[in-house]
>>> print(open('my_file-v8.cif').read())   # mmCIF, C-alpha atoms and all ligand atoms
data_input
loop_
_atom_site.group_PDB
_atom_site.id
_atom_site.type_symbol
_atom_site.label_atom_id
_atom_site.label_comp_id
_atom_site.auth_asym_id
_atom_site.auth_seq_id
_atom_site.Cartn_x
_atom_site.Cartn_y
_atom_site.Cartn_z
ATOM 1 C CA MET Y 21 -0.193 -12.855 23.256
ATOM 2 C CA PRO Y 22 -1.639 -9.629 21.816
ATOM 3 C CA SER Y 23 -0.438 -6.455 23.468
ATOM 4 C CA PRO Y 24 -2.512 -4.314 25.866
ATOM 5 C CA GLU Y 25 -2.870 -1.748 23.041
ATOM 6 C CA ALA Y 26 -4.862 -4.253 20.979
ATOM 7 C CA PRO Y 27 -8.508 -3.486 20.276
ATOM 8 C CA ALA Y 28 -11.170 -5.112 22.488
ATOM 9 C CA SER Y 29 -11.042 -8.892 22.377
ATOM 10 C CA GLY Y 30 -12.172 -10.253 19.039
ATOM 11 C CA ALA Y 31 -11.904 -6.914 17.230
ATOM 12 C CA CYS Y 32 -8.618 -7.693 15.516
ATOM 13 C CA ILE Y 33 -8.526 -10.899 13.505
ATOM 14 C CA PHE Y 34 -4.720 -10.930 13.339
ATOM 15 C CA CYS Y 35 -4.449 -10.640 17.137
ATOM 16 C CA GLU Y 36 -6.810 -13.605 17.286
ATOM 17 C CA ILE Y 37 -4.597 -15.581 14.909
ATOM 18 C CA ALA Y 38 -1.460 -14.608 16.873
ATOM 19 C CA ALA Y 39 -3.114 -15.871 20.061
ATOM 20 C CA HIS Y 40 -4.317 -19.093 18.371
ATOM 21 C CA ARG Y 41 -7.916 -18.160 19.024
ATOM 22 C CA ALA Y 42 -8.613 -18.034 15.293
ATOM 23 C CA PRO Y 43 -7.377 -20.617 12.779
ATOM 24 C CA SER Y 44 -4.622 -20.045 10.259
ATOM 25 C CA TYR Y 45 -2.448 -22.049 7.899
ATOM 26 C CA THR Y 46 0.670 -21.273 9.902
ATOM 27 C CA LEU Y 47 4.026 -21.404 8.114
ATOM 28 C CA TYR Y 48 6.311 -20.118 10.845
ATOM 29 C CA GLU Y 49 6.024 -18.848 14.406
ATOM 30 C CA ASP Y 50 8.296 -17.551 17.131
ATOM 31 C CA ALA Y 51 7.775 -15.497 20.292
ATOM 32 C CA GLU Y 52 7.312 -12.182 18.436
ATOM 33 C CA THR Y 53 6.029 -13.051 14.966
ATOM 34 C CA ILE Y 54 3.880 -15.426 12.955
ATOM 35 C CA ALA Y 55 3.563 -16.132 9.204
ATOM 36 C CA PHE Y 56 0.431 -17.660 7.689
ATOM 37 C CA LEU Y 57 -1.308 -18.096 4.353
ATOM 38 C CA ASP Y 58 -3.526 -15.305 3.062
ATOM 39 C CA LEU Y 59 -7.104 -16.606 2.794
ATOM 40 C CA PHE Y 60 -7.669 -14.702 -0.475
ATOM 41 C CA PRO Y 61 -4.321 -15.155 -2.220
ATOM 42 C CA PHE Y 62 -3.199 -13.084 -5.199
ATOM 43 C CA THR Y 63 -1.139 -16.093 -6.253
ATOM 44 C CA ARG Y 64 -0.543 -19.614 -4.999
ATOM 45 C CA GLY Y 65 1.436 -19.425 -1.758
ATOM 46 C CA HIS Y 66 0.658 -15.752 -0.968
ATOM 47 C CA PHE Y 67 1.204 -15.351 2.755
ATOM 48 C CA LEU Y 68 1.447 -12.725 5.481
ATOM 49 C CA VAL Y 69 4.073 -12.021 8.135
ATOM 50 C CA ILE Y 70 2.850 -10.182 11.242
ATOM 51 C CA PRO Y 71 4.123 -9.151 14.666
ATOM 52 C CA LYS Y 72 2.183 -10.744 17.505
ATOM 53 C CA ARG Y 73 2.023 -7.347 19.205
ATOM 54 C CA HIS Y 74 -0.828 -5.248 17.877
ATOM 55 C CA GLY Y 75 0.016 -2.062 15.977
ATOM 56 C CA GLU Y 76 -1.673 -0.522 12.976
ATOM 57 C CA ARG Y 77 1.529 0.492 11.242
ATOM 58 C CA LEU Y 78 5.183 -0.477 11.257
ATOM 59 C CA THR Y 79 5.978 2.855 12.915
ATOM 60 C CA ASP Y 80 3.671 1.970 15.837
ATOM 61 C CA LEU Y 81 5.875 -0.973 16.820
ATOM 62 C CA PRO Y 82 8.762 -0.926 19.297
ATOM 63 C CA GLU Y 83 12.151 -1.414 17.644
ATOM 64 C CA GLY Y 84 12.479 -4.944 19.034
ATOM 65 C CA ASP Y 85 9.315 -6.049 17.274
ATOM 66 C CA GLN Y 86 10.389 -4.335 14.058
ATOM 67 C CA ASN Y 87 13.685 -6.211 14.184
ATOM 68 C CA ALA Y 88 11.952 -9.508 14.896
ATOM 69 C CA LEU Y 89 9.602 -8.872 11.976
ATOM 70 C CA LEU Y 90 12.512 -8.256 9.611
ATOM 71 C CA ARG Y 91 14.230 -11.454 10.782
ATOM 72 C CA THR Y 92 11.083 -13.456 10.024
ATOM 73 C CA ILE Y 93 10.633 -11.719 6.662
ATOM 74 C CA ASP Y 94 14.218 -12.639 5.767
ATOM 75 C CA ARG Y 95 13.637 -16.237 6.822
ATOM 76 C CA MET Y 96 10.428 -16.468 4.799
ATOM 77 C CA CYS Y 97 11.841 -14.697 1.714
ATOM 78 C CA ARG Y 98 14.445 -17.483 1.600
ATOM 79 C CA ARG Y 99 11.769 -20.136 2.008
ATOM 80 C CA VAL Y 100 9.436 -18.710 -0.669
ATOM 81 C CA GLY Y 101 12.049 -19.634 -3.284
ATOM 82 C CA ARG Y 102 10.756 -23.202 -2.998
ATOM 83 C CA LEU Y 103 7.593 -21.982 -4.757
ATOM 84 C CA ALA Y 104 9.012 -19.378 -7.148
ATOM 85 C CA PRO Y 105 12.312 -17.502 -7.435
ATOM 86 C CA ASP Y 106 10.540 -14.141 -7.685
ATOM 87 C CA TYR Y 107 8.131 -12.528 -5.265
ATOM 88 C CA ASN Y 108 6.678 -9.213 -4.108
ATOM 89 C CA LEU Y 109 7.163 -8.026 -0.538
ATOM 90 C CA ALA Y 110 4.487 -5.433 0.227
ATOM 91 C CA LEU Y 111 2.986 -3.474 3.085
ATOM 92 C CA ASN Y 112 -0.206 -1.435 2.814
ATOM 93 C CA ALA Y 113 -0.318 1.417 5.350
ATOM 94 C CA GLY Y 114 -3.673 3.158 5.594
ATOM 95 C CA VAL Y 115 -6.943 3.096 3.697
ATOM 96 C CA ALA Y 116 -5.611 4.983 0.672
ATOM 97 C CA ALA Y 117 -2.883 2.336 0.368
ATOM 98 C CA GLY Y 118 -5.439 -0.477 0.444
ATOM 99 C CA GLN Y 119 -5.031 -1.571 4.066
ATOM 100 C CA ILE Y 120 -8.110 -3.461 5.210
ATOM 101 C CA VAL Y 121 -6.739 -5.255 8.294
ATOM 102 C CA PHE Y 122 -5.363 -2.673 10.714
ATOM 103 C CA HIS Y 123 -2.725 -4.878 12.317
ATOM 104 C CA VAL Y 124 0.591 -4.373 10.568
ATOM 105 C CA HIS Y 125 1.458 -7.143 8.112
ATOM 106 C CA PHE Y 126 3.771 -7.757 5.195
ATOM 107 C CA HIS Y 127 2.521 -9.636 2.166
ATOM 108 C CA ILE Y 128 4.905 -12.073 0.488
ATOM 109 C CA ILE Y 129 3.507 -12.926 -2.933
ATOM 110 C CA PRO Y 130 5.264 -15.510 -5.107
ATOM 111 C CA ARG Y 131 5.289 -14.478 -8.785
ATOM 112 C CA TYR Y 132 4.872 -16.965 -11.569
ATOM 113 C CA GLY Y 133 4.894 -14.578 -14.533
ATOM 114 C CA GLU Y 134 1.352 -13.223 -14.224
ATOM 115 C CA SER Y 135 0.737 -9.480 -14.509
ATOM 116 C CA ASN Y 136 1.907 -7.571 -11.480
ATOM 117 C CA PRO Y 137 -0.842 -5.893 -9.412
ATOM 118 C CA PHE Y 138 1.720 -3.528 -7.908
ATOM 119 C CA HIS Y 139 2.779 -2.286 -11.340
ATOM 120 C CA PRO Y 140 0.430 0.384 -12.709
ATOM 121 C CA ARG Y 141 -0.168 0.253 -16.441
ATOM 122 C CA GLN Y 142 1.072 3.750 -17.169
ATOM 123 C CA ARG Y 143 3.901 5.647 -15.507
ATOM 124 C CA THR Y 144 5.362 8.975 -16.506
ATOM 125 C CA ALA Y 145 8.960 10.056 -15.924
ATOM 126 C CA ILE Y 146 9.630 12.249 -12.905
ATOM 127 C CA GLU Y 147 10.090 15.992 -13.528
ATOM 128 C CA GLU Y 148 13.141 17.705 -12.087
ATOM 129 C CA GLN Y 149 11.211 20.419 -10.234
ATOM 130 C CA ASP Y 150 8.979 17.869 -8.537
ATOM 131 C CA ALA Y 151 11.914 15.571 -7.798
ATOM 132 C CA ARG Y 152 13.715 18.435 -6.010
ATOM 133 C CA ALA Y 153 10.532 19.310 -4.083
ATOM 134 C CA VAL Y 154 10.050 15.726 -2.925
ATOM 135 C CA VAL Y 155 13.713 15.408 -1.876
ATOM 136 C CA ALA Y 156 13.256 18.587 0.201
ATOM 137 C CA GLU Y 157 10.025 17.324 1.771
ATOM 138 C CA LEU Y 158 11.642 14.008 2.734
ATOM 139 C CA ALA Y 159 14.930 15.484 3.990
ATOM 140 C CA PRO Y 160 15.960 14.650 7.569
ATOM 141 C CA PRO Y 161 14.903 14.879 10.301
HETATM 142 P P1 LIG A 201 -4.355 -5.521 3.492
HETATM 143 O O1 LIG A 201 -5.136 -5.016 2.311
HETATM 144 O O2 LIG A 201 -2.869 -5.254 3.323
HETATM 145 O O3 LIG A 201 -4.876 -5.014 4.814
HETATM 146 O O4 LIG A 201 -4.480 -7.078 3.423
HETATM 147 C C1 LIG A 201 -5.149 -7.864 4.372
HETATM 148 C C2 LIG A 201 -5.035 -9.275 3.883
HETATM 149 O O5 LIG A 201 -5.460 -10.124 4.906
HETATM 150 C C3 LIG A 201 -5.883 -9.571 2.641
HETATM 151 O O6 LIG A 201 -5.031 -10.054 1.592
HETATM 152 C C4 LIG A 201 -6.859 -10.657 3.137
HETATM 153 O O7 LIG A 201 -7.111 -11.631 2.158
HETATM 154 C C5 LIG A 201 -6.108 -11.220 4.319
HETATM 155 N N1 LIG A 201 -6.934 -11.803 5.386
HETATM 156 C C6 LIG A 201 -8.003 -11.250 6.002
HETATM 157 N N2 LIG A 201 -8.446 -12.040 6.989
HETATM 158 C C7 LIG A 201 -7.642 -13.138 6.999
HETATM 159 C C8 LIG A 201 -7.569 -14.316 7.795
HETATM 160 N N3 LIG A 201 -8.432 -14.544 8.791
HETATM 161 N N4 LIG A 201 -6.589 -15.206 7.531
HETATM 162 C C9 LIG A 201 -5.715 -14.985 6.534
HETATM 163 N N5 LIG A 201 -5.710 -13.895 5.751
HETATM 164 C C10 LIG A 201 -6.676 -12.973 5.979
HETATM 165 ZN ZN ZN A 202 -4.177 -6.898 16.152
#
>>> encode(input="my_file-v8.cif", output="structure tokens")
Amino acid sequence: MPSPEAPASGACIFCEIAAHRAPSYTLYEDAETIAFLDLFPFTRGHFLVIPKRHGERLTDLPEGDQNALLRTIDRMCRRVGRLAPDYNLALNAGVAAGQIVFHVHFHIIPRYGESNPFHPRQRTAIEEQDARAVVAELAPP
């Protein structure tokens, strides 16, 4: 069942799928998580793994749901090898990252040798000054 924090009934399509009120091509399901095919796949077999509890981002979820999600991702990463040995595991957090469904989900995208949408055409090497600044900005806590 979706959590009490979920948007008003019907507002979140992934809550609807988790509650079996909306259809999905389900690949796996347990008490905390569900995996189903993406309706607009990047590649054949592209699917999503979601927690049943509603949260916009991974960091909105209680630790138990995060752990359950990782267990299902591990299970499905093993299974995706039946389609292709290589795959992308991706999470878009926020509009600038391309998130369009605001219920946390991981994409698992089998790769068959086509160009990689997560690989920008041009990348420049990191500069030491910026590298040191970023390390400082991301230092604990
Ligand atoms: P994101 O950009 O990370 O928010 O990706 C959302 C993904 O959900 C997209 O790849 C959509 O194709 C997919 N999607 C949206 N609605 C559905 C649905 N009802 N069933 C399956 N996949 C969906
Ligand atoms: Zn939801």
>>> resolve_selection(input="my_file-v8.cif", expression="the PyMOL selection byres (((not hetatm)) within 8 of (chain A and resi 202))", output="list in words")
Pro22, Ala26, Pro27, Ala31, Cys32, Ile33, Phe34, Cys35, Glu36, Lys72, Arg73, His74, Gly75, Glu76, Phe122, His123 and Val124 of chain Y
>>> axis_aligned_box(input="my_file-v8.cif", around="ligand LIG 201 (chain A)", padding_each_side="4 Å", output="lines of an AutoDock Vina configuration file")
center_x = -5.7
center_y = -10.1
center_z = 5.2
size_x = 13.6
size_y = 18.2
size_z = 15.2
>>> closest_residue(input="my_file-v8.cif", among="Y:Leu59, Y:Val115, Y:Ala153, Y:Cys97", to="ligand LIG 201 (chain A)", atoms="only C-alpha atoms and all ligand atoms")
Y:Leu59
>>> atom_distance(input="my_file-v8.cif", atom1="atom CA of Asn112 of chain Y", atom2="atom O2 of ligand LIG 201 (chain A)")
4.7 Å
>>> residues_around(input="my_file-v8.cif", residues="Ser44 of chain Y", least_positions_apart="2", cutoff="10 Å", atoms="all atoms listed in the file", output="PyMOL selection string")
chain Y and resi 34+36-38+40-42+46-47+55-59
>>> atom_distance(input="my_file-v8.cif", atom1="atom CA of Pro43 of chain Y", atom2="atom CA of Gly65 of chain Y")
17.0 Å
>>> closest_residue(input="my_file-v8.cif", among="Y:Leu111, Y:Ala88, Y:Leu78, Y:Leu68", to="Asp50 of chain Y", atoms="all atoms listed in the file")
Y:Ala88
>>> resolve_selection(input="my_file-v8.cif", expression="the PyMOL selection byres (((chain Y and resi 92) around 12) and not hetatm)", output="MDAnalysis selection string")
chainID Y and resid 47:56 68:72 85:91 93:99 125:126 128
